[in-house]
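Okay, so here's the structure we're looking at.
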Amino acid sequence: MTSAISRTWEHAVVTGGAGFVGSHLCAALLDAGAAVTCVDDFSTGRPENITALLDRPGFTLVQADVAEELPVHRPCDLVLHFASPASPADYLRLPLHTMETGSLGTRNALRLAQAAEARFVLASTSEVYGDPQQNPQDERYWGNVNPIGPRSVYDEAKRFGEALTTAHAQAHGTDTCIVRLFNTYGPRMRGHDGRAVPTFVRQALAGEPLTVTGDGRQTRSLCYVDDTVTGILAAAAHGMRGPVNIGNPGEITMLDLARLVVELTGSASEIRYIERPVDDPAVRCPDITLARDKLGWEPRVGAEEGLRRTIAWFRATSGN
Ligand code: NAD
């Protein structure tokens with residue numbers, strides 16, 4: 001496998017840049033020599049995520065709700081629209097904010113890209129596949145989403161965002177790309193954000209029982225954040241419209257994940273089974289043939305290595 005394609009950017013705007021994935025994206029773009037404007041309202045992101053970036057040349061923070069305004073007034077050649085609550089705990093707590101960010105926020109980000117003649121990348125999600133009837137999922141699969149279930153505020157906002165992005169490209173010739181990210185994990189996740197990896201790591205390090213939902217046989221495919229960021233930037237560089245799946249096809253059951261976290265932390269924690277959330281998908285695994293073929297990209301960090309790095313970060317920061 002050759003290395004993933006890349007490109008140099010002058011000035012990238014990253015909405016949601018103070019979040020988990022967004023902060024890693026900002027850092028990678030700065031490392032590659034781009035100026036970066038991070039636009040974030042800190043609804044789910046944290047100032048600590050970007051503390052180390054604030055002193056770096058070329059980095060600018062703009063605090064704003066992208067559903068209301070996107071106050072960036074200098075030329076840019078890349079807009080990465082990553083603002084959105086992403087963990088179920090967050091979007092269930094912020095249902096209307098999630099839908100407005102996915103609709104009005106996406107519109108505002110598209111307008112910024114159109115006016116600047118910049119490349120636009122939408123952070124979509126494997127959640128557009130809903131509770132999939134096909135496994136693994138390739139980009140041609142239309143999904144199986146309950147439009148009025150509790151998760152729909154996120155799933156349908158992202159599906160609308162994809163439709164709006166596609167319409168913008170058709171109506172205005174905006175240079176757009178849709179990346180469908182599968183579950184990503186790594187340093188800077190919040191221990192209480194409700195997603196499986198930070199929950200298990202936090203619980204294992206605290207010696208508390210690891211709470212596995214249902215019988216734990218539901219699967220996810222977990223991609224380490226550095227791999228996800230490389231995939232996103234490769235899709236941006238390529239010029240493709242997508243959608244393109246960015247994820248790690250290594251599927252793991254939630255029970256095996258919990259056991260692995262216990263082993264890697266050396267914890268004495270037990271496993272406790274709790275109720276499974278409504279509409280929780282049974283399986284989730286990306287077909288990444290398109291990303292492999294077009295972008296020369298595939299994940300490089302295995303689950304054990306990625307979890308070790310994540311656990312080390314939680315130990316060093318207490319997950320803060
Ligand atoms: P996150 O919650 O850590 O980051 C989201 C960021 O967006 C936060 O900093 C938040 O404050 C900001 N934000 C939310 N609404 C905003 C608004 N209206 N205006 C300005 N800023 C706003 O989540 P994440 O895991 O980093 O996810 C980032 C993006 O990637 C999201 O769009 C998410 O849907 C997508 N995604 C993530 C994953 C994953 O596994 N992490 C998987 C699929 C898709």
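Letters A, B, ... go to the chains of the structure tokens in the order shown; residues in each chain start at 1; ligands are counted from 1 in the same order.
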Requested in this report: Write as a ChimeraX atom specification the residues around ligand 1, taking 7 Å as the cut-off and counting only C-alpha atoms and all ligand atoms.
Outcome: /A:15-22,39-46,64-67,81-87,97-98,101,105,123-126,180-185,189
Restricted to C-alpha atoms, what would the selected residues look like written as a PDB file, in the first residue's frame?
ATOM      1  CA  THR A  15     -15.972  24.012  12.023  1.00  0.00           C
ATOM      2  CA  GLY A  16     -16.112  21.980  15.213  1.00  0.00           C
ATOM      3  CA  GLY A  17     -12.342  22.361  15.447  1.00  0.00           C
ATOM      4  CA  ALA A  18     -12.358  22.280  19.264  1.00  0.00           C
ATOM      5  CA  GLY A  19     -13.974  18.851  19.289  1.00  0.00           C
ATOM      6  CA  PHE A  20     -12.359  15.450  19.413  1.00  0.00           C
ATOM      7  CA  VAL A  21     -11.792  14.811  15.681  1.00  0.00           C
ATOM      8  CA  GLY A  22     -11.699  18.510  14.756  1.00  0.00           C
ATOM      9  CA  VAL A  39     -14.926  27.848  14.437  1.00  0.00           C
ATOM     10  CA  ASP A  40     -16.602  26.333  17.473  1.00  0.00           C
ATOM     11  CA  ASP A  41     -19.328  27.175  19.986  1.00  0.00           C
ATOM     12  CA  PHE A  42     -17.960  24.763  22.633  1.00  0.00           C
ATOM     13  CA  SER A  43     -21.358  23.092  22.941  1.00  0.00           C
ATOM     14  CA  THR A  44     -19.634  19.701  23.106  1.00  0.00           C
ATOM     15  CA  GLY A  45     -15.997  20.629  22.468  1.00  0.00           C
ATOM     16  CA  ARG A  46     -13.492  21.773  25.045  1.00  0.00           C
ATOM     17  CA  ALA A  64     -19.592  31.098  17.034  1.00  0.00           C
ATOM     18  CA  ASP A  65     -22.626  28.882  16.519  1.00  0.00           C
ATOM     19  CA  VAL A  66     -22.350  27.884  12.848  1.00  0.00           C
ATOM     20  CA  ALA A  67     -26.113  27.430  12.627  1.00  0.00           C
ATOM     21  CA  HIS A  81     -17.517  21.095   8.259  1.00  0.00           C
ATOM     22  CA  PHE A  82     -17.154  19.015  11.421  1.00  0.00           C
ATOM     23  CA  ALA A  83     -19.375  20.942  13.827  1.00  0.00           C
ATOM     24  CA  SER A  84     -22.070  18.663  15.258  1.00  0.00           C
ATOM     25  CA  PRO A  85     -22.704  16.842  18.479  1.00  0.00           C
ATOM     26  CA  ALA A  86     -21.553  13.300  17.720  1.00  0.00           C
ATOM     27  CA  SER A  87     -21.991  11.112  20.785  1.00  0.00           C
ATOM     28  CA  HIS A  97     -29.172  22.108  18.218  1.00  0.00           C
ATOM     29  CA  THR A  98     -28.045  18.934  16.435  1.00  0.00           C
ATOM     30  CA  THR A 101     -26.174  22.455  13.100  1.00  0.00           C
ATOM     31  CA  GLY A 105     -24.827  25.018   9.893  1.00  0.00           C
ATOM     32  CA  ALA A 123     -18.234  15.113   8.044  1.00  0.00           C
ATOM     33  CA  SER A 124     -20.988  12.589   7.547  1.00  0.00           C
ATOM     34  CA  THR A 125     -21.282   9.368   9.456  1.00  0.00           C
ATOM     35  CA  SER A 126     -21.888   5.648   9.299  1.00  0.00           C
ATOM     36  CA  ARG A 180     -18.706   8.991   6.024  1.00  0.00           C
ATOM     37  CA  LEU A 181     -16.770   8.429   9.212  1.00  0.00           C
ATOM     38  CA  PHE A 182     -17.199   5.233  11.189  1.00  0.00           C
ATOM     39  CA  ASN A 183     -16.573   5.069  14.937  1.00  0.00           C
ATOM     40  CA  THR A 184     -13.347   6.860  15.711  1.00  0.00           C
ATOM     41  CA  TYR A 185     -11.562   6.849  19.054  1.00  0.00           C
ATOM     42  CA  MET A 189     -12.523  11.931  23.910  1.00  0.00           C
TER      43      MET A 189
END
**Report entry** Within 12 Å of A:Asp226 using only C-alpha atoms, minus same-chain residues under 6 positions, as a list in words
**Finding:**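 In the requested form, the answer reads Phe20, Val21, Gly22, Ser23, His24, Leu25, Cys26, Ala27, Ala28, Thr184, Tyr185, Gly186, Pro187, Ile232, Leu233, Ile246, Gly247, Asn248, Glu298, Pro299, Arg300, Val301, Gly302, Glu305, Gly306, Arg309 and Thr310 of chain A.
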Report task. Identify, on the basis of only C-alpha atoms, every residue whose closest approach to A:His73 does not exceed 12 Å; exclude the query and any residue fewer than 4 positions from it along the same chain; express the result as a ChimeraX atom specification. Result -> /A:11,13,37,62,69,112-113,115-116
From a DSSP calculation on the backbone, collect every residue of stretch 24-257 of chain A in strand (DSSP E or B) and output the set as a short mmCIF file (atom, residue, chain, number, x, y, z; two decimals) with N, CA and C atoms, in the first residue's frame.
data_model
loop_
_atom_site.label_atom_id
_atom_site.label_comp_id
_atom_site.auth_asym_id
_atom_site.auth_seq_id
_atom_site.Cartn_x
_atom_site.Cartn_y
_atom_site.Cartn_z
N ALA A 35 -2.57 27.62 7.34
CA ALA A 35 -3.20 28.43 8.38
C ALA A 35 -4.56 27.80 8.66
N VAL A 36 -4.99 27.86 9.91
CA VAL A 36 -6.23 27.19 10.29
C VAL A 36 -7.11 28.12 11.11
N THR A 37 -8.38 28.26 10.69
CA THR A 37 -9.36 28.94 11.53
C THR A 37 -10.33 27.90 12.07
N CYS A 38 -10.35 27.80 13.38
CA CYS A 38 -11.26 26.87 14.06
C CYS A 38 -12.50 27.65 14.49
N VAL A 39 -13.68 27.20 14.04
CA VAL A 39 -14.93 27.85 14.44
C VAL A 39 -15.70 26.87 15.31
N ASP A 40 -15.98 27.27 16.54
CA ASP A 40 -16.60 26.33 17.47
C ASP A 40 -17.42 27.12 18.51
N PHE A 59 -2.80 29.84 13.63
CA PHE A 59 -4.03 29.29 14.20
C PHE A 59 -4.91 30.41 14.75
N THR A 60 -6.19 30.40 14.36
CA THR A 60 -7.15 31.40 14.85
C THR A 60 -8.38 30.69 15.37
N LEU A 61 -8.86 31.13 16.51
CA LEU A 61 -10.10 30.59 17.07
C LEU A 61 -11.22 31.61 16.93
N VAL A 62 -12.34 31.17 16.38
CA VAL A 62 -13.53 32.02 16.31
C VAL A 62 -14.65 31.30 17.06
N GLN A 63 -15.16 31.92 18.10
CA GLN A 63 -16.25 31.28 18.85
C GLN A 63 -17.58 31.71 18.25
N LEU A 78 -10.08 25.71 1.85
CA LEU A 78 -10.64 24.44 2.33
C LEU A 78 -11.58 24.74 3.49
N VAL A 79 -12.80 24.17 3.43
CA VAL A 79 -13.74 24.25 4.55
C VAL A 79 -14.08 22.83 4.97
N LEU A 80 -13.72 22.49 6.20
CA LEU A 80 -14.03 21.16 6.74
C LEU A 80 -15.17 21.35 7.74
N HIS A 81 -16.34 20.85 7.39
CA HIS A 81 -17.52 21.10 8.26
C HIS A 81 -17.70 19.92 9.22
N ARG A 119 -12.59 24.23 -1.49
CA ARG A 119 -13.02 22.83 -1.39
C ARG A 119 -13.80 22.67 -0.09
N PHE A 120 -14.90 21.90 -0.14
CA PHE A 120 -15.76 21.71 1.03
C PHE A 120 -15.81 20.22 1.38
N VAL A 121 -15.63 19.90 2.65
CA VAL A 121 -15.74 18.50 3.09
C VAL A 121 -16.77 18.41 4.21
N LEU A 122 -17.79 17.59 4.00
CA LEU A 122 -18.80 17.36 5.03
C LEU A 122 -18.44 16.12 5.84
N ALA A 123 -18.40 16.29 7.16
CA ALA A 123 -18.23 15.11 8.04
C ALA A 123 -19.58 14.44 8.17
N SER A 124 -19.80 13.40 7.37
CA SER A 124 -20.99 12.59 7.55
C SER A 124 -20.61 11.38 8.40
N THR A 125 -21.46 10.42 8.45
CA THR A 125 -21.28 9.37 9.46
C THR A 125 -21.84 8.04 8.98
N GLY A 130 -27.94 3.74 9.43
CA GLY A 130 -28.91 3.33 10.43
C GLY A 130 -28.57 1.97 11.02
N GLN A 137 -21.00 -2.30 5.09
CA GLN A 137 -21.73 -1.30 4.32
C GLN A 137 -20.79 -0.64 3.31
N ASN A 144 -30.94 2.19 6.68
CA ASN A 144 -32.17 1.73 7.32
C ASN A 144 -32.35 2.56 8.59
N ASP A 175 -17.28 22.85 -4.93
CA ASP A 175 -16.37 21.70 -4.97
C ASP A 175 -16.51 20.92 -3.66
N THR A 176 -17.43 19.97 -3.66
CA THR A 176 -17.78 19.31 -2.39
C THR A 176 -17.29 17.87 -2.30
N CYS A 177 -17.21 17.42 -1.06
CA CYS A 177 -16.83 16.03 -0.78
C CYS A 177 -17.56 15.58 0.50
N ILE A 178 -18.06 14.37 0.48
CA ILE A 178 -18.72 13.81 1.67
C ILE A 178 -17.88 12.64 2.18
N VAL A 179 -17.45 12.72 3.44
CA VAL A 179 -16.76 11.58 4.05
C VAL A 179 -17.69 10.98 5.10
N ARG A 180 -17.88 9.68 5.02
CA ARG A 180 -18.71 8.99 6.02
C ARG A 180 -17.77 8.33 7.03
N LEU A 181 -17.67 8.95 8.19
CA LEU A 181 -16.77 8.43 9.21
C LEU A 181 -17.46 7.34 10.02
N THR A 184 -14.74 6.46 15.54
CA THR A 184 -13.35 6.86 15.71
C THR A 184 -13.09 7.05 17.20
N TYR A 185 -11.88 6.71 17.63
CA TYR A 185 -11.56 6.85 19.05
C TYR A 185 -10.12 7.32 19.19
N LEU A 210 -17.48 -2.35 33.97
CA LEU A 210 -17.63 -1.86 32.60
C LEU A 210 -19.06 -2.17 32.15
N THR A 211 -19.80 -1.14 31.76
CA THR A 211 -21.21 -1.31 31.44
C THR A 211 -21.39 -1.62 29.96
N VAL A 212 -21.67 -2.89 29.68
CA VAL A 212 -21.89 -3.37 28.31
C VAL A 212 -23.39 -3.41 28.07
N THR A 213 -23.84 -2.81 26.95
CA THR A 213 -25.29 -2.76 26.71
C THR A 213 -25.76 -4.04 26.00
N THR A 219 -21.76 -5.23 17.15
CA THR A 219 -20.40 -4.93 16.73
C THR A 219 -20.25 -3.47 16.30
N ARG A 220 -19.02 -3.00 16.43
CA ARG A 220 -18.62 -1.72 15.86
C ARG A 220 -17.24 -1.93 15.25
N SER A 221 -16.87 -1.02 14.36
CA SER A 221 -15.52 -1.07 13.83
C SER A 221 -14.87 0.23 14.27
N CYS A 223 -11.88 2.99 14.53
CA CYS A 223 -10.74 3.54 13.78
C CYS A 223 -9.99 4.52 14.67
N TYR A 224 -8.69 4.36 14.76
CA TYR A 224 -7.89 5.27 15.58
C TYR A 224 -7.87 6.65 14.91
N VAL A 244 -17.49 8.76 0.65
CA VAL A 244 -16.47 7.73 0.81
C VAL A 244 -16.42 7.33 2.28
N ASN A 245 -16.43 6.03 2.51
CA ASN A 245 -16.32 5.50 3.88
C ASN A 245 -14.89 5.66 4.39
N ILE A 246 -14.76 6.20 5.60
CA ILE A 246 -13.46 6.25 6.27
C ILE A 246 -13.65 5.53 7.61
N GLU A 251 -13.87 -5.48 12.74
CA GLU A 251 -15.11 -5.41 13.52
C GLU A 251 -14.90 -6.10 14.87
N ILE A 252 -15.45 -5.53 15.91
CA ILE A 252 -15.28 -6.13 17.24
C ILE A 252 -16.60 -6.04 18.00
N THR A 253 -16.93 -7.07 18.77
CA THR A 253 -18.16 -6.99 19.58
C THR A 253 -17.87 -6.10 20.79
#
Requested in this report: Just the residues within 12 Å of A:Thr317, please, counting only C-alpha atoms, with nothing from its chain fewer than 4 positions along; format it as an MDAnalysis selection string.
Outcome: chainID A and resid 48:49 187:191 202 205 310:313
For the residues selected in the previous step, produce a file with C-alpha atoms as a PDB file, in the first residue's frame.
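This is the output file result-v1.pdb:
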ATOM      1  CA  GLU A  48      -8.363  22.190  26.496  1.00  0.00           C
ATOM      2  CA  ASN A  49      -8.499  20.373  23.148  1.00  0.00           C
ATOM      3  CA  PRO A 187      -7.021  10.889  22.935  1.00  0.00           C
ATOM      4  CA  ARG A 188      -9.291  13.887  23.730  1.00  0.00           C
ATOM      5  CA  MET A 189     -12.523  11.931  23.910  1.00  0.00           C
ATOM      6  CA  ARG A 190     -14.458  12.853  27.029  1.00  0.00           C
ATOM      7  CA  GLY A 191     -14.699  10.085  29.602  1.00  0.00           C
ATOM      8  CA  ARG A 202     -12.738   5.542  32.283  1.00  0.00           C
ATOM      9  CA  LEU A 205      -9.111   2.977  35.221  1.00  0.00           C
ATOM     10  CA  THR A 310      -5.845   6.121  24.306  1.00  0.00           C
ATOM     11  CA  ILE A 311      -5.436   4.527  27.730  1.00  0.00           C
ATOM     12  CA  ALA A 312      -2.060   6.273  28.166  1.00  0.00           C
ATOM     13  CA  TRP A 313      -3.726   9.608  27.412  1.00  0.00           C
TER      14      TRP A 313
END
Query raised in the report: What separation in Å, quoted to one decimal, exists between atom CA of A:Arg111 and atom CA of A:Asp55?
Result: 29.2 Å
Query raised in the report: Which of stretch 216-280 of chain A counts as helix (DSSP H, G or I) under DSSP, as a list in words please?
Result: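 Filtering stretch 216-280 of chain A down to helix (DSSP H, G or I) leaves Val225, Asp226, Asp227, Thr228, Val229, Thr230, Gly231, Ile232, Leu233, Ala234, Ala235, Ala236, Ala237, His238, Met254, Leu255, Asp256, Leu257, Ala258, Arg259, Leu260, Val261, Val262, Glu263, Leu264 and Thr265 of chain A.
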